[in-house]
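final11.cif follows (mmCIF, C-alpha atoms):
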data_protein
#
loop_
_atom_site.group_PDB
_atom_site.id
_atom_site.type_symbol
_atom_site.label_atom_id
_atom_site.label_comp_id
_atom_site.auth_asym_id
_atom_site.auth_seq_id
_atom_site.Cartn_x
_atom_site.Cartn_y
_atom_site.Cartn_z
ATOM 1 C CA MET A 499 28.360 16.239 66.065
ATOM 2 C CA LYS A 500 24.877 16.960 67.282
ATOM 3 C CA MET A 501 23.793 18.056 63.791
ATOM 4 C CA ARG A 502 25.233 14.846 62.301
ATOM 5 C CA TYR A 503 23.319 12.784 64.876
ATOM 6 C CA LEU A 504 20.059 14.610 64.090
ATOM 7 C CA ALA A 505 20.544 14.070 60.338
ATOM 8 C CA LEU A 506 21.127 10.343 60.883
ATOM 9 C CA LEU A 507 18.072 10.133 63.131
ATOM 10 C CA SER A 508 15.878 11.830 60.495
ATOM 11 C CA LEU A 509 17.101 9.414 57.809
ATOM 12 C CA LEU A 510 16.304 6.402 59.985
ATOM 13 C CA THR A 511 12.864 7.797 60.782
ATOM 14 C CA ALA A 512 12.119 8.387 57.101
ATOM 15 C CA ALA A 513 13.211 4.836 56.255
ATOM 16 C CA THR A 514 10.714 3.370 58.721
ATOM 17 C CA LEU A 515 7.927 5.292 56.983
ATOM 18 C CA LEU A 516 8.619 3.712 53.578
ATOM 19 C CA PRO A 517 5.978 1.207 52.442
ATOM 20 C CA PRO A 518 6.857 -2.482 52.867
ATOM 21 C CA LEU A 519 8.355 -4.261 49.853
ATOM 22 C CA ALA A 520 5.174 -6.278 49.405
ATOM 23 C CA ARG A 521 3.221 -3.070 48.799
ATOM 24 C CA THR A 522 5.581 -1.935 46.049
ATOM 25 C CA GLN A 523 5.481 -5.224 44.138
ATOM 26 C CA VAL A 524 3.820 -5.290 40.745
ATOM 27 C CA PRO A 525 2.584 -8.222 38.671
ATOM 28 C CA VAL A 526 5.365 -9.628 36.484
ATOM 29 C CA PHE A 527 4.313 -11.658 33.448
ATOM 30 C CA LYS A 528 6.347 -13.780 31.070
ATOM 31 C CA ILE A 529 5.243 -14.473 27.491
ATOM 32 C CA THR A 530 6.349 -17.897 26.256
ATOM 33 C CA PRO A 531 6.999 -17.818 22.474
ATOM 34 C CA GLY A 532 6.983 -21.618 22.220
ATOM 35 C CA GLN A 533 3.278 -21.606 23.097
ATOM 36 C CA SER A 534 2.464 -18.412 21.219
ATOM 37 C CA THR A 535 2.024 -17.321 17.594
ATOM 38 C CA ILE A 536 1.753 -14.171 15.492
ATOM 39 C CA LYS A 537 -0.038 -14.759 12.198
ATOM 40 C CA PHE A 538 -1.428 -12.676 9.359
ATOM 41 C CA TYR A 539 -4.053 -13.113 6.670
ATOM 42 C CA VAL A 540 -4.799 -11.170 3.481
ATOM 43 C CA LYS A 541 -7.754 -11.932 1.236
ATOM 44 C CA ALA A 542 -6.266 -12.795 -2.153
ATOM 45 C CA SER A 543 -6.930 -14.727 -5.328
ATOM 46 C CA VAL A 544 -4.315 -17.207 -4.107
ATOM 47 C CA GLU A 545 -4.071 -18.029 -0.395
ATOM 48 C CA LEU A 546 -1.900 -15.439 1.356
ATOM 49 C CA GLN A 547 -1.416 -16.117 5.018
ATOM 50 C CA GLY A 548 1.451 -17.048 7.272
ATOM 51 C CA ASN A 549 3.257 -16.352 10.487
ATOM 52 C CA PHE A 550 6.457 -14.855 11.841
ATOM 53 C CA ASP A 551 9.015 -17.278 13.252
ATOM 54 C CA LYS A 552 11.074 -14.742 15.242
ATOM 55 C CA TRP A 553 9.551 -12.184 17.564
ATOM 56 C CA ASP A 554 9.470 -11.045 21.173
ATOM 57 C CA ALA A 555 6.644 -9.728 23.353
ATOM 58 C CA THR A 556 6.620 -8.184 26.825
ATOM 59 C CA LEU A 557 3.723 -7.284 29.112
ATOM 60 C CA THR A 558 4.628 -4.982 32.004
ATOM 61 C CA PHE A 559 2.601 -3.209 34.685
ATOM 62 C CA LYS A 560 3.282 -0.244 36.982
ATOM 63 C CA SER A 561 0.713 -1.465 39.510
ATOM 64 C CA THR A 562 -2.039 -4.059 39.896
ATOM 65 C CA ASP A 563 -4.328 -1.747 37.882
ATOM 66 C CA VAL A 564 -4.669 -3.383 34.442
ATOM 67 C CA THR A 565 -4.851 0.043 32.772
ATOM 68 C CA THR A 566 -1.190 0.669 33.690
ATOM 69 C CA GLY A 567 -0.076 -2.218 31.476
ATOM 70 C CA VAL A 568 2.192 -1.850 28.457
ATOM 71 C CA LEU A 569 2.260 -4.467 25.690
ATOM 72 C CA ASP A 570 5.334 -4.399 23.447
ATOM 73 C CA ILE A 571 5.689 -6.649 20.405
ATOM 74 C CA GLU A 572 8.823 -6.708 18.238
ATOM 75 C CA ILE A 573 8.837 -8.884 15.111
ATOM 76 C CA GLN A 574 11.775 -9.782 12.883
ATOM 77 C CA ALA A 575 10.237 -8.962 9.486
ATOM 78 C CA ALA A 576 12.592 -11.315 7.648
ATOM 79 C CA SER A 577 11.178 -14.260 9.618
ATOM 80 C CA VAL A 578 7.932 -14.160 7.608
ATOM 81 C CA ASN A 579 6.835 -17.667 6.681
ATOM 82 C CA THR A 580 3.983 -18.310 4.247
ATOM 83 C CA GLY A 581 5.178 -21.765 3.248
ATOM 84 C CA SER A 582 6.130 -20.382 -0.183
ATOM 85 C CA GLY A 583 9.637 -19.141 -0.963
ATOM 86 C CA MET A 584 8.314 -16.956 -3.783
ATOM 87 C CA LYS A 585 5.726 -15.247 -1.572
ATOM 88 C CA ASP A 586 8.208 -14.842 1.303
ATOM 89 C CA GLY A 587 10.767 -13.272 -1.023
ATOM 90 C CA LYS A 588 8.211 -10.804 -2.378
ATOM 91 C CA LEU A 589 7.001 -9.845 1.107
ATOM 92 C CA LYS A 590 10.587 -9.246 2.297
ATOM 93 C CA GLY A 591 11.322 -7.011 -0.694
ATOM 94 C CA GLU A 592 11.090 -3.241 -1.182
ATOM 95 C CA ASP A 593 7.426 -3.312 -2.231
ATOM 96 C CA PHE A 594 6.290 -4.774 1.076
ATOM 97 C CA PHE A 595 8.261 -5.161 4.339
ATOM 98 C CA ASP A 596 11.554 -3.857 2.884
ATOM 99 C CA VAL A 597 13.434 -5.867 5.503
ATOM 100 C CA LYS A 598 16.914 -4.598 4.580
ATOM 101 C CA LYS A 599 15.993 -1.024 5.520
ATOM 102 C CA ASN A 600 13.338 -1.850 8.120
ATOM 103 C CA PRO A 601 14.129 -5.147 9.852
ATOM 104 C CA LEU A 602 11.528 -4.728 12.615
ATOM 105 C CA ILE A 603 7.749 -4.632 12.756
ATOM 106 C CA THR A 604 6.631 -3.275 16.140
ATOM 107 C CA PHE A 605 3.547 -2.573 18.221
ATOM 108 C CA LYS A 606 3.781 -0.537 21.425
ATOM 109 C CA SER A 607 0.586 0.002 23.369
ATOM 110 C CA THR A 608 -0.341 3.431 24.687
ATOM 111 C CA LYS A 609 -2.997 2.167 27.126
ATOM 112 C CA ILE A 610 -5.153 -0.826 28.007
ATOM 113 C CA VAL A 611 -8.928 -0.439 28.290
ATOM 114 C CA GLN A 612 -11.026 -3.215 29.826
ATOM 115 C CA THR A 613 -14.230 -3.535 27.784
ATOM 116 C CA GLY A 614 -15.730 -6.642 29.437
ATOM 117 C CA PRO A 615 -14.949 -9.325 32.034
ATOM 118 C CA ASN A 616 -12.259 -10.814 29.772
ATOM 119 C CA THR A 617 -12.002 -8.411 26.808
ATOM 120 C CA PHE A 618 -9.670 -5.464 26.286
ATOM 121 C CA ASP A 619 -8.960 -2.776 23.698
ATOM 122 C CA VAL A 620 -5.267 -1.986 23.386
ATOM 123 C CA PRO A 621 -4.560 1.144 21.321
ATOM 124 C CA GLY A 622 -0.949 1.609 20.348
ATOM 125 C CA THR A 623 1.596 2.637 17.752
ATOM 126 C CA PHE A 624 2.104 0.129 14.946
ATOM 127 C CA THR A 625 5.239 0.447 12.803
ATOM 128 C CA ILE A 626 5.952 -1.427 9.586
ATOM 129 C CA ARG A 627 8.505 -0.585 6.865
ATOM 130 C CA GLY A 628 9.387 2.559 8.854
ATOM 131 C CA VAL A 629 5.839 3.993 8.868
ATOM 132 C CA SER A 630 4.116 4.448 12.239
ATOM 133 C CA LYS A 631 0.376 4.876 12.773
ATOM 134 C CA PRO A 632 -2.127 4.371 15.607
ATOM 135 C CA GLU A 633 -3.883 0.988 15.540
ATOM 136 C CA THR A 634 -5.846 -1.034 18.102
ATOM 137 C CA LEU A 635 -5.535 -4.651 19.183
ATOM 138 C CA ASN A 636 -8.791 -6.218 20.394
ATOM 139 C CA LEU A 637 -7.925 -8.863 22.973
ATOM 140 C CA THR A 638 -9.711 -11.721 24.717
ATOM 141 C CA VAL A 639 -8.000 -13.232 27.763
ATOM 142 C CA SER A 640 -8.590 -16.689 29.213
ATOM 143 C CA GLY A 641 -7.449 -17.991 32.597
ATOM 144 C CA ILE A 642 -8.026 -14.710 34.441
ATOM 145 C CA GLY A 643 -7.243 -15.099 38.131
ATOM 146 C CA THR A 644 -5.279 -18.337 37.691
ATOM 147 C CA GLY A 645 -1.861 -16.770 37.115
ATOM 148 C CA THR A 646 -1.577 -18.279 33.639
ATOM 149 C CA GLY A 647 -3.613 -17.912 30.476
ATOM 150 C CA ASP A 648 -3.877 -17.081 26.810
ATOM 151 C CA ILE A 649 -4.197 -13.666 25.203
ATOM 152 C CA LYS A 650 -5.811 -13.819 21.783
ATOM 153 C CA GLY A 651 -6.267 -10.727 19.687
ATOM 154 C CA THR A 652 -6.858 -9.247 16.266
ATOM 155 C CA MET A 653 -5.703 -6.049 14.599
ATOM 156 C CA ALA A 654 -6.521 -5.009 11.028
ATOM 157 C CA PHE A 655 -4.781 -2.349 8.955
ATOM 158 C CA ASP A 656 -4.738 -0.976 5.418
ATOM 159 C CA ARG A 657 -1.430 -1.968 3.812
ATOM 160 C CA LYS A 658 -1.507 0.997 1.394
ATOM 161 C CA GLN A 659 -1.437 3.446 4.308
ATOM 162 C CA TYR A 660 1.986 2.006 5.111
ATOM 163 C CA GLY A 661 3.367 2.362 1.599
ATOM 164 C CA MET A 662 2.652 -1.186 0.459
ATOM 165 C CA ASP A 663 0.934 -0.215 -2.781
ATOM 166 C CA SER A 664 2.234 -2.986 -5.022
ATOM 167 C CA GLY A 665 0.919 -6.467 -5.629
ATOM 168 C CA ILE A 666 2.373 -9.875 -6.283
ATOM 169 C CA PRO A 667 2.515 -11.000 -9.937
ATOM 170 C CA PHE A 668 -0.579 -12.991 -10.955
ATOM 171 C CA ILE A 669 -2.110 -12.643 -7.457
ATOM 172 C CA LYS A 670 -4.874 -10.172 -6.647
ATOM 173 C CA ILE A 671 -4.463 -8.891 -3.077
ATOM 174 C CA ALA A 672 -6.915 -7.000 -0.858
ATOM 175 C CA ASP A 673 -5.799 -3.850 0.964
ATOM 176 C CA ARG A 674 -6.908 -5.070 4.398
ATOM 177 C CA VAL A 675 -4.377 -7.097 6.381
ATOM 178 C CA GLU A 676 -5.505 -8.978 9.493
ATOM 179 C CA VAL A 677 -2.971 -9.750 12.217
ATOM 180 C CA ASN A 678 -3.797 -12.440 14.785
ATOM 181 C CA VAL A 679 -1.804 -12.789 17.987
ATOM 182 C CA SER A 680 -2.003 -15.700 20.402
ATOM 183 C CA LEU A 681 0.210 -15.124 23.424
ATOM 184 C CA HIS A 682 0.581 -17.544 26.319
ATOM 185 C CA GLY A 683 1.382 -15.637 29.504
ATOM 186 C CA GLU A 684 2.292 -16.616 33.037
ATOM 187 C CA ARG A 685 2.557 -14.462 36.164
ATOM 188 C CA ILE A 686 5.980 -15.311 37.566
ATOM 189 C CA SER A 687 5.916 -12.937 40.538
ATOM 190 C CA GLY A 688 3.941 -10.181 42.216
ATOM 191 C CA PRO A 689 0.260 -9.906 43.117
ATOM 192 C CA PRO A 690 -2.634 -10.625 40.723
ATOM 193 C CA LEU A 691 -4.090 -7.888 38.573
ATOM 194 C CA ALA A 692 -7.156 -5.991 39.750
ATOM 195 C CA LEU A 693 -9.830 -6.367 37.068
ATOM 196 C CA LYS A 694 -13.391 -5.174 36.738
ATOM 197 C CA PRO A 695 -15.954 -8.010 37.043
#

Is it possible to express this structure as structure tokens?
Amino acid sequence: MKMRYLALLSLLTAATLLPPLARTQVPVFKITPGQSTIKFYVKASVELQGNFDKWDATLTFKSTDVTTGVLDIEIQAASVNTGSGMKDGKLKGEDFFDVKKNPLITFKSTKIVQTGPNTFDVPGTFTIRGVSKPETLNLTVSGIGTGTGDIKGTMAFDRKQYGMDSGIPFIKIADRVEVNVSLHGERISGPPLALKP
């Protein structure tokens, strides 16, 4: 009985030494797709640009330190929208996104590096048509310190490195593809992030 009492006492003592809930809270952000876009642009003899209509993005943190953040973007490849049914059909096909075999285009950050008061480099793993390679998003953030703001960024990649070697009939296409993200985020709970001035 005495041993049981001592064990209970030690558990209660340990519980009082745990940090308060407020100390364990982390910033929680919500990305609102209705106010956000993911677009792409390729230099071509005929305009080749568009956006994706269906995607999801999450921004999570392990602490208030911005470098602990993880940005995940998951795009439904078949939601590509260039405004042209012919171009969309070609991009969805085997020569480009190959959406039947690879329905998702993803970016998962490996770290976040603050490069200025409101600029960040976000290296990560980019996957398209089943091929994964390291790429970097360069971001600019507005509204820092207000709890709500916009994250705008650009990432460029060589389409041929991802197996997209073909072209579109009668259209000359460059190898470089530019992806532009515009994400509207809002801190819905937790403390603000600690950023370098």

Give the answer as one residue: which of A:Leu637, A:Val677, A:Ile571, A:Ile669 has the shortest atom-to-atom distance to A:Asn549, using only C-alpha atoms?
-> A:Val677

I'd like to see the residues matched by the PyMOL selection byres ((chain A and resi 619-627) around 7) on this file, and ideally I'd get them as a short mmCIF file (atom, residue, chain, number, x, y, z; two decimals) with C-alpha atoms, in the frame of the given file.
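Generated file (result_23.cif):
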data_model
loop_
_atom_site.label_atom_id
_atom_site.label_comp_id
_atom_site.auth_asym_id
_atom_site.auth_seq_id
_atom_site.Cartn_x
_atom_site.Cartn_y
_atom_site.Cartn_z
CA PHE A 595 8.26 -5.16 4.34
CA ASP A 596 11.55 -3.86 2.88
CA ASN A 600 13.34 -1.85 8.12
CA ILE A 603 7.75 -4.63 12.76
CA THR A 604 6.63 -3.28 16.14
CA PHE A 605 3.55 -2.57 18.22
CA LYS A 606 3.78 -0.54 21.42
CA SER A 607 0.59 0.00 23.37
CA THR A 608 -0.34 3.43 24.69
CA LYS A 609 -3.00 2.17 27.13
CA ILE A 610 -5.15 -0.83 28.01
CA VAL A 611 -8.93 -0.44 28.29
CA GLN A 612 -11.03 -3.22 29.83
CA THR A 613 -14.23 -3.54 27.78
CA PHE A 618 -9.67 -5.46 26.29
CA GLY A 628 9.39 2.56 8.85
CA VAL A 629 5.84 3.99 8.87
CA SER A 630 4.12 4.45 12.24
CA LYS A 631 0.38 4.88 12.77
CA PRO A 632 -2.13 4.37 15.61
CA GLU A 633 -3.88 0.99 15.54
CA THR A 634 -5.85 -1.03 18.10
CA LEU A 635 -5.54 -4.65 19.18
CA ASN A 636 -8.79 -6.22 20.39
CA LEU A 637 -7.92 -8.86 22.97
CA TYR A 660 1.99 2.01 5.11
#

The PyMOL selection byres ((chain A and resi 557-563) around 7) on the file shown: which residues, as a VMD selection string?
-> chain A and resid 524 to 527 555 to 556 564 to 570 690 to 692

Using all atoms listed in the file, which residue out of A:Gly651, A:Lys588, A:Met662, A:Lys599 lies closest to A:Ser680?
-> A:Gly651

When the PyMOL selection byres ((chain A and resi 672) around 9) is applied to the structure above, which residues does it catch, written out as a CSV table (one decimal) with C-alpha atoms, in the frame of the given file?
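Saved to selection-v6.csv:
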chain,number,residue,atom,x,y,z
A,540,VAL,CA,-4.8,-11.2,3.5
A,541,LYS,CA,-7.8,-11.9,1.2
A,542,ALA,CA,-6.3,-12.8,-2.2
A,543,SER,CA,-6.9,-14.7,-5.3
A,656,ASP,CA,-4.7,-1.0,5.4
A,657,ARG,CA,-1.4,-2.0,3.8
A,670,LYS,CA,-4.9,-10.2,-6.6
A,671,ILE,CA,-4.5,-8.9,-3.1
A,673,ASP,CA,-5.8,-3.8,1.0
A,674,ARG,CA,-6.9,-5.1,4.4
A,675,VAL,CA,-4.4,-7.1,6.4

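Separating atom CA of A:Gln533 from atom CA of A:Leu681 is a distance of 7.2 Å.
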
For A:Thr652, which of A:Ser664, A:Gln523, A:Ser640, A:Thr617 is the closest residue, counting all atoms listed in the file?
-> A:Thr617
